[in-house]
>>> print(open('structure_30.cif').read())   # mmCIF, C-alpha atoms
data_my_file
loop_
_atom_site.label_atom_id
_atom_site.label_comp_id
_atom_site.auth_asym_id
_atom_site.auth_seq_id
_atom_site.Cartn_x
_atom_site.Cartn_y
_atom_site.Cartn_z
CA MET A 1 87.10 95.74 102.75
CA LEU A 2 89.63 97.41 100.51
CA SER A 3 91.54 100.18 102.31
CA ARG A 4 91.95 103.65 100.87
CA ARG A 5 95.60 104.29 100.17
CA ILE A 6 97.83 107.05 101.54
CA ILE A 7 100.62 107.58 99.04
CA PRO A 8 103.61 109.86 99.67
CA CYS A 9 105.02 111.13 96.40
CA LEU A 10 108.75 111.59 96.06
CA ASP A 11 109.88 113.80 93.22
CA VAL A 12 113.41 112.78 92.28
CA ARG A 13 115.97 115.05 90.67
CA ASP A 14 119.69 114.30 90.44
CA GLY A 15 119.31 111.38 92.84
CA LYS A 16 117.64 113.42 95.60
CA VAL A 17 114.02 113.95 96.64
CA VAL A 18 112.91 117.48 95.84
CA LYS A 19 109.70 119.44 96.14
CA GLY A 20 108.43 122.44 94.24
CA VAL A 21 105.47 124.75 94.58
CA ARG A 22 103.08 124.60 91.63
CA PHE A 23 105.73 122.47 89.88
CA ARG A 24 108.42 125.22 90.27
CA ASP A 25 111.28 126.29 92.57
CA HIS A 26 112.44 122.89 93.77
CA VAL A 27 114.27 122.43 97.07
CA VAL A 28 116.02 119.26 98.22
CA MET A 29 114.00 117.31 100.83
CA GLY A 30 116.35 114.38 101.46
CA GLU A 31 117.90 111.13 100.29
CA ILE A 32 115.68 108.72 98.34
CA VAL A 33 116.21 105.57 100.42
CA ASP A 34 116.07 107.45 103.76
CA LEU A 35 112.72 109.00 102.93
CA ALA A 36 111.37 105.76 101.47
CA LEU A 37 112.23 103.91 104.69
CA ARG A 38 110.76 106.65 106.85
CA TYR A 39 107.43 106.52 105.03
CA ARG A 40 107.37 102.75 105.10
CA ASP A 41 107.91 102.82 108.87
CA GLU A 42 105.15 105.40 109.31
CA GLY A 43 102.62 103.20 107.51
CA ALA A 44 102.50 104.61 104.00
CA ASP A 45 100.50 102.22 101.82
CA GLU A 46 102.49 102.80 98.67
CA LEU A 47 105.17 105.14 97.36
CA VAL A 48 105.42 106.93 94.06
CA PHE A 49 108.73 108.16 92.68
CA TYR A 50 108.74 110.68 89.87
CA ASP A 51 112.02 111.27 88.08
CA ILE A 52 110.77 114.73 87.21
CA THR A 53 113.50 115.75 84.81
CA ALA A 54 113.67 112.50 82.82
CA SER A 55 110.94 113.35 80.31
CA PRO A 56 111.98 116.97 79.62
CA GLU A 57 115.58 115.76 79.21
CA GLY A 58 114.46 113.00 76.84
CA ARG A 59 115.90 110.16 78.94
CA SER A 60 114.42 107.26 80.90
CA VAL A 61 114.38 106.96 84.66
CA ASP A 62 117.65 106.31 86.50
CA ARG A 63 117.38 102.63 87.51
CA THR A 64 120.15 102.44 90.08
CA TRP A 65 118.05 103.97 92.85
CA VAL A 66 115.02 101.89 91.84
CA GLU A 67 116.98 98.78 92.72
CA ARG A 68 118.24 100.29 95.99
CA VAL A 69 114.68 101.12 97.01
CA ALA A 70 113.40 97.67 96.00
CA ARG A 71 115.96 95.96 98.23
CA VAL A 72 114.91 97.73 101.41
CA ILE A 73 111.22 98.54 100.91
CA ASP A 74 108.45 96.01 101.57
CA ILE A 75 105.50 98.07 100.40
CA PRO A 76 104.59 98.61 96.76
CA PHE A 77 106.10 101.43 94.80
CA CYS A 78 105.54 102.98 91.43
CA VAL A 79 108.15 104.69 89.28
CA ALA A 80 107.58 107.38 86.70
CA GLY A 81 109.84 109.37 84.48
CA GLY A 82 110.49 109.30 80.77
CA ILE A 83 109.49 105.65 80.22
CA ARG A 84 108.95 105.56 76.44
CA SER A 85 109.07 101.88 75.49
CA VAL A 86 108.30 98.36 76.65
CA ASP A 87 112.02 97.71 77.06
CA GLU A 88 112.52 100.73 79.32
CA ALA A 89 109.48 99.74 81.36
CA ARG A 90 110.74 96.17 81.67
CA ALA A 91 114.08 97.41 82.99
CA VAL A 92 112.37 99.49 85.67
CA LEU A 93 110.04 96.63 86.66
CA HIS A 94 112.93 94.18 86.76
CA ALA A 95 114.85 96.62 88.95
CA GLY A 96 112.05 96.02 91.45
CA ALA A 97 109.31 98.59 90.82
CA ASP A 98 105.78 97.21 91.14
CA LYS A 99 104.19 99.61 88.70
CA ILE A 100 105.31 102.10 86.13
CA SER A 101 103.59 105.37 85.48
CA VAL A 102 103.60 107.13 82.14
CA ASN A 103 102.58 110.70 81.51
CA SER A 104 104.34 112.84 78.87
CA PRO A 105 105.50 109.86 76.76
CA ALA A 106 101.92 108.55 76.61
CA LEU A 107 100.81 111.94 75.33
CA GLU A 108 103.55 111.83 72.70
CA ARG A 109 102.51 108.35 71.60
CA PRO A 110 99.27 107.00 73.13
CA ALA A 111 99.88 103.47 71.75
CA LEU A 112 102.57 103.18 74.43
CA ILE A 113 99.77 102.45 76.93
CA ASP A 114 98.48 99.54 74.79
CA GLU A 115 101.97 98.12 74.44
CA LEU A 116 102.71 98.29 78.16
CA ALA A 117 99.36 96.72 79.09
CA ALA A 118 99.92 93.89 76.60
CA ALA A 119 103.43 93.23 77.86
CA PHE A 120 102.90 93.43 81.63
CA GLY A 121 99.15 93.47 82.29
CA VAL A 122 97.06 96.50 83.11
CA GLN A 123 97.81 96.19 86.82
CA CYS A 124 101.37 97.45 86.21
CA VAL A 125 100.37 100.40 84.07
CA VAL A 126 99.55 103.73 85.70
CA VAL A 127 98.76 106.77 83.60
CA GLY A 128 99.54 110.10 85.23
CA ILE A 129 97.62 113.11 84.00
CA ASP A 130 98.66 116.70 84.72
CA SER A 131 95.55 118.81 84.39
CA LEU A 132 94.86 122.54 84.54
CA ARG A 133 91.67 124.49 84.00
CA ASP A 134 91.79 126.91 81.08
CA ALA A 135 90.06 130.28 80.78
CA ASP A 136 87.13 128.67 78.96
CA GLY A 137 86.45 126.48 82.00
CA ALA A 138 87.65 123.19 80.48
CA TRP A 139 90.39 121.11 82.05
CA ARG A 140 93.18 120.28 79.64
CA VAL A 141 96.33 118.24 79.98
CA ARG A 142 99.84 119.62 80.36
CA GLN A 143 103.00 117.92 79.13
CA TYR A 144 106.63 118.02 80.41
CA THR A 145 105.55 119.57 83.71
CA GLY A 146 108.81 118.54 85.39
CA ASP A 147 110.49 121.55 83.78
CA PRO A 148 108.48 124.80 83.79
CA ASP A 149 110.37 126.09 80.76
CA LYS A 150 109.35 123.06 78.72
CA THR A 151 105.80 122.61 80.01
CA GLN A 152 103.28 122.64 77.19
CA ALA A 153 99.55 123.16 77.22
CA LEU A 154 97.86 120.65 74.93
CA PRO A 155 94.49 120.98 73.20
CA ARG A 156 93.53 117.58 74.62
CA LYS A 157 90.81 117.70 77.27
CA THR A 158 91.59 115.94 80.53
CA LEU A 159 88.40 113.87 80.61
CA ASP A 160 88.76 112.76 76.98
CA TRP A 161 92.30 111.65 77.67
CA MET A 162 91.22 109.81 80.81
CA ILE A 163 88.67 107.79 78.82
CA GLU A 164 91.17 107.02 76.06
CA ALA A 165 93.86 105.99 78.53
CA GLN A 166 91.49 103.47 80.13
CA GLN A 167 90.45 102.08 76.77
CA ARG A 168 94.11 101.61 75.89
CA GLY A 169 94.85 99.70 79.09
CA ALA A 170 95.57 102.02 81.99
CA GLY A 171 95.14 100.03 85.21
CA GLU A 172 95.16 103.12 87.40
CA ILE A 173 94.91 106.87 86.87
CA VAL A 174 96.73 109.51 88.90
CA LEU A 175 95.08 112.88 88.38
CA ASN A 176 97.45 115.72 89.23
CA CYS A 177 95.29 118.80 89.64
CA MET A 178 97.94 121.44 88.93
CA GLY A 179 95.80 124.38 89.97
CA SER A 180 95.75 123.13 93.55
CA ASP A 181 99.23 121.55 93.67
CA GLY A 182 101.60 122.64 96.41
CA VAL A 183 99.34 125.25 97.97
CA ARG A 184 97.73 123.02 100.60
CA GLN A 185 94.19 124.29 100.18
CA GLY A 186 92.67 120.88 99.53
CA TYR A 187 92.28 118.51 96.61
CA ASP A 188 90.27 119.69 93.60
CA LEU A 189 87.08 117.89 94.59
CA GLU A 190 85.09 119.26 91.67
CA GLN A 191 87.50 117.90 89.10
CA LEU A 192 88.06 114.63 90.97
CA SER A 193 84.33 113.95 91.30
CA ILE A 194 83.79 114.46 87.59
CA ALA A 195 86.80 112.26 86.85
CA ARG A 196 85.55 109.58 89.25
CA ALA A 197 82.32 109.28 87.33
CA ILE A 198 84.16 108.25 84.16
CA CYS A 199 87.04 106.35 85.77
CA GLN A 200 86.42 102.58 85.99
CA VAL A 201 89.90 101.80 87.31
CA PRO A 202 91.49 102.95 90.58
CA LEU A 203 91.75 106.75 90.72
CA ILE A 204 94.40 108.53 92.75
CA ALA A 205 93.99 112.18 93.79
CA SER A 206 97.05 114.40 93.58
CA GLY A 207 97.64 118.05 94.33
CA GLY A 208 96.54 120.23 97.19
CA ALA A 209 96.64 118.20 100.42
CA GLY A 210 97.22 120.48 103.39
CA ALA A 211 95.17 119.04 106.25
CA PRO A 212 93.70 115.69 107.31
CA GLU A 213 90.23 116.93 106.33
CA HIS A 214 91.41 117.24 102.74
CA PHE A 215 92.14 113.50 102.62
CA ARG A 216 88.76 112.71 104.16
CA ASP A 217 87.01 114.93 101.62
CA ALA A 218 88.82 113.27 98.72
CA PHE A 219 87.92 109.77 99.95
CA ILE A 220 84.34 110.46 101.03
CA GLY A 221 83.49 113.36 98.71
CA ALA A 222 85.20 112.26 95.51
CA ASP A 223 85.40 108.49 96.22
CA VAL A 224 89.05 108.24 95.14
CA ASP A 225 90.95 105.03 95.87
CA GLY A 226 94.14 106.72 96.99
CA ALA A 227 95.41 110.15 97.89
CA LEU A 228 98.87 111.28 96.98
CA ALA A 229 100.74 114.07 98.76
CA ALA A 230 104.29 115.28 99.07
CA SER A 231 105.10 118.47 100.95
CA VAL A 232 102.81 117.88 103.94
CA PHE A 233 104.54 114.57 104.54
CA HIS A 234 108.09 115.73 103.77
CA SER A 235 107.73 118.71 106.11
CA GLY A 236 106.14 116.67 108.88
CA ALA A 237 103.05 118.91 108.84
CA ILE A 238 100.96 115.74 108.65
CA ALA A 239 102.16 112.51 110.26
CA ILE A 240 100.84 109.42 108.48
CA PRO A 241 99.90 107.44 111.65
CA ALA A 242 97.86 110.35 113.01
CA LEU A 243 96.28 110.89 109.59
CA LYS A 244 95.22 107.26 109.37
CA HIS A 245 93.72 107.25 112.85
CA TYR A 246 91.82 110.40 111.99
CA LEU A 247 90.49 108.84 108.78
CA HIS A 248 89.54 105.64 110.60
CA GLY A 249 87.54 107.74 113.07
CA GLN A 250 85.82 109.44 110.14
CA GLY A 251 84.66 106.10 108.78
CA VAL A 252 87.25 105.75 106.02
CA ALA A 253 88.66 102.22 105.61
CA VAL A 254 92.43 102.41 106.11
CA ARG A 255 95.27 100.07 107.02
CA LEU A 256 96.28 100.89 110.60
CA MET B 1 117.90 75.03 103.25
CA SER B 2 117.74 75.75 99.53
CA VAL B 3 114.96 77.91 98.16
CA VAL B 4 114.52 78.46 94.45
CA LEU B 5 112.51 81.00 92.53
CA VAL B 6 111.19 79.60 89.27
CA ASP B 7 112.21 82.02 86.55
CA ALA B 8 108.95 82.01 84.62
CA GLY B 9 109.35 85.55 83.47
CA GLY B 10 107.24 87.44 86.03
CA THR B 11 108.36 90.99 86.69
CA ASN B 12 108.13 90.65 90.48
CA ILE B 13 110.91 88.10 90.72
CA GLY B 14 113.40 90.70 91.94
CA SER B 15 111.03 91.89 94.66
CA VAL B 16 110.37 88.36 95.92
CA ARG B 17 114.07 87.66 95.95
CA TYR B 18 114.80 90.80 97.97
CA ALA B 19 112.01 89.91 100.43
CA LEU B 20 113.62 86.50 100.99
CA GLN B 21 117.02 88.18 101.45
CA ARG B 22 115.49 90.36 104.16
CA LEU B 23 114.54 87.07 105.87
CA GLY B 24 118.11 85.84 105.51
CA VAL B 25 117.48 83.45 102.61
CA ASP B 26 119.37 83.76 99.35
CA ALA B 27 117.06 82.16 96.80
CA ALA B 28 118.46 81.16 93.43
CA LEU B 29 116.58 82.26 90.35
CA THR B 30 116.44 79.27 88.05
CA ALA B 31 114.62 77.52 85.22
CA ASP B 32 116.77 74.40 85.56
CA ALA B 33 114.65 71.30 86.24
CA ALA B 34 117.27 69.47 88.32
CA THR B 35 117.89 72.51 90.52
CA ILE B 36 114.16 73.00 91.08
CA ARG B 37 113.59 69.34 91.87
CA ALA B 38 116.42 69.29 94.40
CA ALA B 39 115.34 72.45 96.27
CA HIS B 40 113.76 72.30 99.73
CA LYS B 41 111.27 75.02 98.84
CA VAL B 42 110.02 76.19 95.45
CA ILE B 43 108.44 79.58 94.81
CA LEU B 44 106.61 80.41 91.59
CA PRO B 45 106.25 84.19 91.39
CA GLY B 46 104.40 85.82 88.57
CA VAL B 47 102.99 89.07 87.32
CA GLY B 48 101.25 89.20 83.99
CA ALA B 49 98.67 87.13 82.18
CA ALA B 50 97.81 83.43 82.58
CA GLY B 51 98.25 82.45 78.92
CA PRO B 52 101.79 83.80 78.52
CA GLY B 53 102.63 82.47 81.99
CA MET B 54 101.68 78.90 81.05
CA ALA B 55 103.34 79.28 77.63
CA ARG B 56 106.55 80.27 79.36
CA LEU B 57 106.43 77.21 81.66
CA ARG B 58 105.87 75.00 78.59
CA GLU B 59 108.77 76.59 76.68
CA LEU B 60 111.01 75.96 79.67
CA GLY B 61 109.82 72.34 79.84
CA LEU B 62 108.67 72.85 83.43
CA VAL B 63 104.98 71.90 83.27
CA GLU B 64 105.41 68.20 84.10
CA LEU B 65 108.16 69.01 86.58
CA MET B 66 105.91 71.41 88.50
CA ARG B 67 103.19 68.75 88.62
CA THR B 68 105.48 66.19 90.19
CA LEU B 69 107.14 68.30 92.89
CA THR B 70 106.77 66.94 96.42
CA GLN B 71 108.44 69.68 98.48
CA PRO B 72 106.48 72.76 99.64
CA VAL B 73 105.62 74.95 96.66
CA LEU B 74 104.31 78.53 96.86
CA GLY B 75 102.69 80.36 93.98
CA VAL B 76 102.45 84.14 94.33
CA CYS B 77 99.76 86.18 92.56
CA LEU B 78 99.72 84.88 88.96
CA GLY B 79 101.92 82.04 90.23
CA MET B 80 99.08 80.98 92.52
CA GLN B 81 96.58 81.14 89.66
CA LEU B 82 98.85 78.95 87.51
CA LEU B 83 98.63 76.23 90.19
CA CYS B 84 94.85 76.10 89.68
CA ALA B 85 92.82 74.12 87.13
CA HIS B 86 91.74 76.72 84.63
CA SER B 87 91.74 80.49 84.22
CA GLU B 88 89.15 82.60 82.46
CA GLU B 89 92.03 84.85 81.46
CA GLY B 90 92.66 83.83 77.86
CA ASP B 91 90.70 80.57 78.50
CA THR B 92 93.91 79.02 79.82
CA THR B 93 94.36 75.49 81.11
CA CYS B 94 96.68 75.79 84.11
CA LEU B 95 98.74 73.26 86.08
CA GLY B 96 95.73 71.67 87.80
CA LEU B 97 97.48 71.13 91.13
CA ILE B 98 94.71 72.81 93.11
CA PRO B 99 91.24 71.99 91.67
CA ALA B 100 90.06 75.60 91.62
CA PRO B 101 88.85 77.89 88.83
CA VAL B 102 90.20 81.41 88.27
CA ARG B 103 87.54 83.98 87.38
CA ARG B 104 87.51 87.64 86.44
CA PHE B 105 86.16 90.13 88.95
CA VAL B 106 82.88 91.54 87.72
CA GLU B 107 82.92 95.34 87.66
CA ALA B 108 80.14 97.02 89.62
CA PRO B 109 79.52 100.54 90.93
CA GLY B 110 82.25 101.28 93.45
CA LEU B 111 84.03 98.04 92.52
CA ARG B 112 86.95 98.93 90.35
CA VAL B 113 88.97 96.31 88.48
CA PRO B 114 91.83 95.63 88.99
CA HIS B 115 91.40 95.10 92.72
CA MET B 116 94.38 97.14 93.82
CA GLY B 117 95.47 97.93 97.34
CA TRP B 118 95.52 96.66 100.92
CA ASN B 119 92.74 94.37 102.00
CA GLN B 120 91.96 92.36 105.11
CA LEU B 121 92.82 88.67 105.37
CA ARG B 122 90.38 86.37 107.15
CA THR B 123 91.39 82.90 108.24
CA LYS B 124 89.04 80.20 106.96
CA GLN B 125 91.03 77.10 107.87
CA PRO B 126 93.85 77.14 110.41
CA HIS B 127 97.11 76.15 108.74
CA PRO B 128 100.80 76.53 109.62
CA LEU B 129 101.11 78.92 106.68
CA LEU B 130 98.82 81.35 108.55
CA ALA B 131 100.54 81.11 111.95
CA GLY B 132 100.35 84.40 113.82
CA LEU B 133 97.96 86.01 111.36
CA GLY B 134 95.69 88.50 113.13
CA ASP B 135 92.10 89.50 112.32
CA ASP B 136 93.08 93.01 111.28
CA ASP B 137 96.09 92.04 109.19
CA GLN B 138 96.04 93.35 105.65
CA ALA B 139 97.99 92.43 102.54
CA TYR B 140 98.64 94.16 99.24
CA PHE B 141 96.67 92.90 96.24
CA VAL B 142 96.89 93.77 92.56
CA HIS B 143 94.79 91.53 90.34
CA SER B 144 91.80 91.35 88.01
CA TYR B 145 91.21 87.60 88.32
CA ALA B 146 90.53 85.68 91.50
CA VAL B 147 89.91 82.19 92.85
CA PRO B 148 86.45 81.74 94.42
CA VAL B 149 86.11 80.45 97.96
CA GLY B 150 86.21 76.63 98.16
CA ASP B 151 87.66 73.68 100.00
CA TRP B 152 91.08 74.92 98.92
CA SER B 153 90.73 78.29 100.70
CA LEU B 154 92.85 78.83 103.82
CA ALA B 155 92.18 82.56 104.02
CA THR B 156 89.75 84.82 102.22
CA SER B 157 89.39 88.49 101.48
CA ASP B 158 86.41 90.57 100.36
CA TYR B 159 85.99 92.61 97.20
CA GLY B 160 82.34 92.73 96.28
CA GLU B 161 82.25 89.12 97.44
CA ALA B 162 84.62 86.83 99.27
CA PHE B 163 87.45 85.31 97.27
CA SER B 164 90.47 83.15 98.09
CA ALA B 165 93.48 85.04 99.43
CA VAL B 166 95.49 81.96 100.44
CA ILE B 167 94.92 78.47 99.07
CA ALA B 168 96.54 75.07 99.55
CA ARG B 169 96.29 71.45 98.58
CA ASP B 170 98.85 68.92 99.76
CA ASN B 171 102.29 70.51 99.24
CA PHE B 172 101.03 73.24 96.89
CA HIS B 173 100.22 76.68 98.31
CA GLY B 174 99.21 79.99 96.81
CA MET B 175 98.93 83.62 97.90
CA GLN B 176 96.86 85.94 95.72
CA PHE B 177 98.40 89.07 97.28
CA HIS B 178 102.04 90.06 97.16
CA PRO B 179 103.72 88.96 100.42
CA GLU B 180 106.91 90.62 99.20
CA ARG B 181 105.06 93.95 99.24
CA SER B 182 102.86 93.39 102.28
CA ALA B 183 105.17 94.81 104.96
CA ALA B 184 105.37 92.88 108.26
CA VAL B 185 102.32 90.73 107.46
CA GLY B 186 103.88 89.55 104.22
CA ALA B 187 107.21 88.86 105.86
CA LYS B 188 105.47 86.74 108.51
CA LEU B 189 103.64 84.66 105.89
CA LEU B 190 106.79 84.14 103.83
CA GLN B 191 108.59 83.12 107.02
CA ASN B 192 105.78 80.64 107.71
CA PHE B 193 106.23 79.15 104.24
CA LEU B 194 109.97 78.81 104.77
CA ALA B 195 109.23 77.00 108.04
CA LEU B 196 106.85 74.42 106.49
#
>>> encode(input="structure_30.cif", output="structure tokens")
Amino acid sequence: MLSRRIIPCLDVRDGKVVKGVRFRDHVVMGEIVDLALRYRDEGADELVFYDITASPEGRSVDRTWVERVARVIDIPFCVAGGIRSVDEARAVLHAGADKISVNSPALERPALIDELAAAFGVQCVVVGIDSLRDADGAWRVRQYTGDPDKTQALPRKTLDWMIEAQQRGAGEIVLNCMGSDGVRQGYDLEQLSIARAICQVPLIASGGAGAPEHFRDAFIGADVDGALAASVFHSGAIAIPALKHYLHGQGVAVRL
Amino acid sequence: MSVVLVDAGGTNIGSVRYALQRLGVDAALTADAATIRAAHKVILPGVGAAGPGMARLRELGLVELMRTLTQPVLGVCLGMQLLCAHSEEGDTTCLGLIPAPVRRFVEAPGLRVPHMGWNQLRTKQPHPLLAGLGDDDQAYFVHSYAVPVGDWSLATSDYGEAFSAVIARDNFHGMQFHPERSAAVGAKLLQNFLAL
């Protein structure tokens, strides 16, 4: 049986892992390779690295640390940050990343998803979606969320974009529920459940993990394939081995 | 011992190379026929689609060479599928070294394609390649096409139905998952291949 994935997310800025609250006020959490090794040792199933300032600064991800991570890490990892072309994606994949994730650049130019899927296969192509509920009750996507001063609200509805991204060749969707991000009150189960119903590819929950029950609820309640979290892992509030044993006891298939 | 990685253009070549380095083996990345023929072990990595993968082997003039190798050969992920007879992906004739078909997973409720993540390996036929493999050991898979269970299956995994996770025929071996990204389990299986 396929295991549900526990995925620590490492936001990278200036070569360090940082963490913000609701995408703001970042503090340094540690060195990239040190944290990557720690999570690998603790049993993380996959790692995601977001070069959070690449897109707002109009540059691609810094590849030097991708290669350093690839040399020491023997679990899969995904890299995101300002990847705007097949050539930039190829460089990141050749540096050793297993998957690349596109978010703002795919919103700028949706055909990027088609091009990446054609060049590398859908299994390499993750589409990240930053989503926030507007006053009218609809979820809409946000762009350039790595820099609060440049973040833009788009008219595009989250669920419409999720369908289009799959049609274009997304092999996996990471849904960042910004309203619940960083506040540890649980994943946005309402939004994730609605997304799950229209998502034919693996769906990863992001934003809001604060307790082991939140992971259980996302897996059992919203049927997501993976759950991504950052601060609860960086701070040590949740230890991955204990989390996995808890989930196993709750009937969730995990890799122990 | 010389180990070569066939440079057929897959994007996971770097990762496989690093995994071998962690095991103390510096594998050369090559498309040179003489170097490949002279190696003790040959690994065919691969990420991408079957059609372009075979086209690349043809462009490099390596199709007949691959078919005549006598040392242990390991195909990883797409590399394993290229060792088979035929792939539904792009209706591609493959190398035909293992007489197995490659078929697309059929989507079903709760069964997302690609099959992506850690899944359990189950031994079907004992083989030195599987030495030390435990019942609860899991490996990391990312694929939309799979080889059904058959005489060629050494280990299987389940996604909707059982499929081949490890296959072999004579000196040709394949792993559908990514041993280079399967933590200690993957390292053990790569070590087993190096010891064949």
>>> closest_residue(input="structure_30.cif", among="B:Leu121, B:Leu194, B:Leu60, B:Ala55", to="chain A", atoms="all atoms listed in the file")
B:Leu121
>>> residues_around(input="structure_30.cif", residues="Asp114 (chain A)", least_positions_apart="6", cutoff="12 Å", atoms="all atoms listed in the file", output="ChimeraX atom specification")
/A:85-86,102,106,120-122,124-127,164-171
>>> resolve_selection(input="structure_30.cif", expression="the PyMOL selection byres ((chain B and resi 68) around 12)", output="JSON, numbers by chain")
{"B": [33, 36, 37, 62, 63, 64, 65, 66, 67, 69, 70, 71, 72, 73, 95, 96, 97, 170, 171, 172]}
>>> closest_atom_pairs(input="structure_30.cif", of="chain B", to="chain A", cutoff="6 Å", atoms="all atoms listed in the file", output="CSV")
residue,atom,partner,partner_atom,distance
B:Thr11,CA,A:His94,CA,5.6
B:Gly14,CA,A:Gly96,CA,5.5
B:Ser15,CA,A:Gly96,CA,5.3
B:Tyr18,CA,A:Arg71,CA,5.3
B:Gly48,CA,A:Gly121,CA,5.1
B:Arg112,CA,A:Val201,CA,5.1
B:Val113,CA,A:Val201,CA,5.7
B:Trp118,CA,A:Ser3,CA,5.5
B:Asn119,CA,A:Leu2,CA,4.6
B:Asp158,CA,A:Met1,CA,5.7
B:Arg181,CA,A:Ile75,CA,4.3
B:Ser182,CA,A:Ile75,CA,5.7
B:Ala183,CA,A:Asp74,CA,4.9
>>> resolve_selection(input="structure_30.cif", expression="the PyMOL selection byres ((chain A and resi 7) around 6)", output="PyMOL selection string")
chain A and resi 6+8+46-47+227-228
>>> atom_distance(input="structure_30.cif", atom1="CA of Arg184 (chain A)", atom2="CA of Leu247 (chain A)")
17.9 Å
>>> decode(input="structure_30.cif", residues="region 47-59 of chain A", atoms="N, CA, C and O atoms", output="PDB file, in the first residue's frame")
ATOM      1  N   LEU A  47      11.547  16.029   0.882  1.00  0.00           N
ATOM      2  CA  LEU A  47      11.799  17.409   1.314  1.00  0.00           C
ATOM      3  C   LEU A  47      11.410  18.348   0.177  1.00  0.00           C
ATOM      4  O   LEU A  47      11.537  17.998  -0.997  1.00  0.00           O
ATOM      5  N   VAL A  48      10.942  19.518   0.574  1.00  0.00           N
ATOM      6  CA  VAL A  48      10.668  20.554  -0.422  1.00  0.00           C
ATOM      7  C   VAL A  48      11.456  21.801  -0.033  1.00  0.00           C
ATOM      8  O   VAL A  48      11.408  22.234   1.122  1.00  0.00           O
ATOM      9  N   PHE A  49      12.173  22.337  -0.990  1.00  0.00           N
ATOM     10  CA  PHE A  49      12.919  23.576  -0.779  1.00  0.00           C
ATOM     11  C   PHE A  49      12.300  24.675  -1.633  1.00  0.00           C
ATOM     12  O   PHE A  49      12.165  24.517  -2.842  1.00  0.00           O
ATOM     13  N   TYR A  50      11.929  25.758  -0.976  1.00  0.00           N
ATOM     14  CA  TYR A  50      11.418  26.909  -1.707  1.00  0.00           C
ATOM     15  C   TYR A  50      12.430  28.041  -1.615  1.00  0.00           C
ATOM     16  O   TYR A  50      12.696  28.541  -0.516  1.00  0.00           O
ATOM     17  N   ASP A  51      12.977  28.440  -2.737  1.00  0.00           N
ATOM     18  CA  ASP A  51      13.799  29.652  -2.767  1.00  0.00           C
ATOM     19  C   ASP A  51      12.802  30.810  -2.839  1.00  0.00           C
ATOM     20  O   ASP A  51      12.381  31.230  -3.907  1.00  0.00           O
ATOM     21  N   ILE A  52      12.413  31.314  -1.667  1.00  0.00           N
ATOM     22  CA  ILE A  52      11.210  32.158  -1.602  1.00  0.00           C
ATOM     23  C   ILE A  52      11.390  33.543  -2.193  1.00  0.00           C
ATOM     24  O   ILE A  52      10.420  34.227  -2.482  1.00  0.00           O
ATOM     25  N   THR A  53      12.635  33.969  -2.377  1.00  0.00           N
ATOM     26  CA  THR A  53      12.807  35.309  -2.940  1.00  0.00           C
ATOM     27  C   THR A  53      13.165  35.278  -4.425  1.00  0.00           C
ATOM     28  O   THR A  53      13.287  36.327  -5.050  1.00  0.00           O
ATOM     29  N   ALA A  54      13.317  34.070  -4.987  1.00  0.00           N
ATOM     30  CA  ALA A  54      13.731  33.979  -6.396  1.00  0.00           C
ATOM     31  C   ALA A  54      12.708  34.627  -7.324  1.00  0.00           C
ATOM     32  O   ALA A  54      13.048  35.460  -8.161  1.00  0.00           O
ATOM     33  N   SER A  55      11.432  34.245  -7.178  1.00  0.00           N
ATOM     34  CA  SER A  55      10.411  34.764  -8.093  1.00  0.00           C
ATOM     35  C   SER A  55      10.219  36.271  -7.958  1.00  0.00           C
ATOM     36  O   SER A  55      10.248  36.991  -8.953  1.00  0.00           O
ATOM     37  N   PRO A  56      10.028  36.799  -6.727  1.00  0.00           N
ATOM     38  CA  PRO A  56       9.880  38.252  -6.612  1.00  0.00           C
ATOM     39  C   PRO A  56      11.096  39.021  -7.136  1.00  0.00           C
ATOM     40  O   PRO A  56      10.965  40.134  -7.636  1.00  0.00           O
ATOM     41  N   GLU A  57      12.288  38.404  -7.040  1.00  0.00           N
ATOM     42  CA  GLU A  57      13.499  39.081  -7.518  1.00  0.00           C
ATOM     43  C   GLU A  57      13.749  38.806  -9.002  1.00  0.00           C
ATOM     44  O   GLU A  57      14.756  39.260  -9.555  1.00  0.00           O
ATOM     45  N   GLY A  58      12.871  38.019  -9.627  1.00  0.00           N
ATOM     46  CA  GLY A  58      12.992  37.770 -11.060  1.00  0.00           C
ATOM     47  C   GLY A  58      14.192  36.922 -11.434  1.00  0.00           C
ATOM     48  O   GLY A  58      14.706  36.990 -12.541  1.00  0.00           O
ATOM     49  N   ARG A  59      14.643  36.052 -10.533  1.00  0.00           N
ATOM     50  CA  ARG A  59      15.780  35.175 -10.853  1.00  0.00           C
ATOM     51  C   ARG A  59      15.378  33.723 -10.605  1.00  0.00           C
ATOM     52  O   ARG A  59      14.365  33.449  -9.961  1.00  0.00           O
TER      53      ARG A  59
END
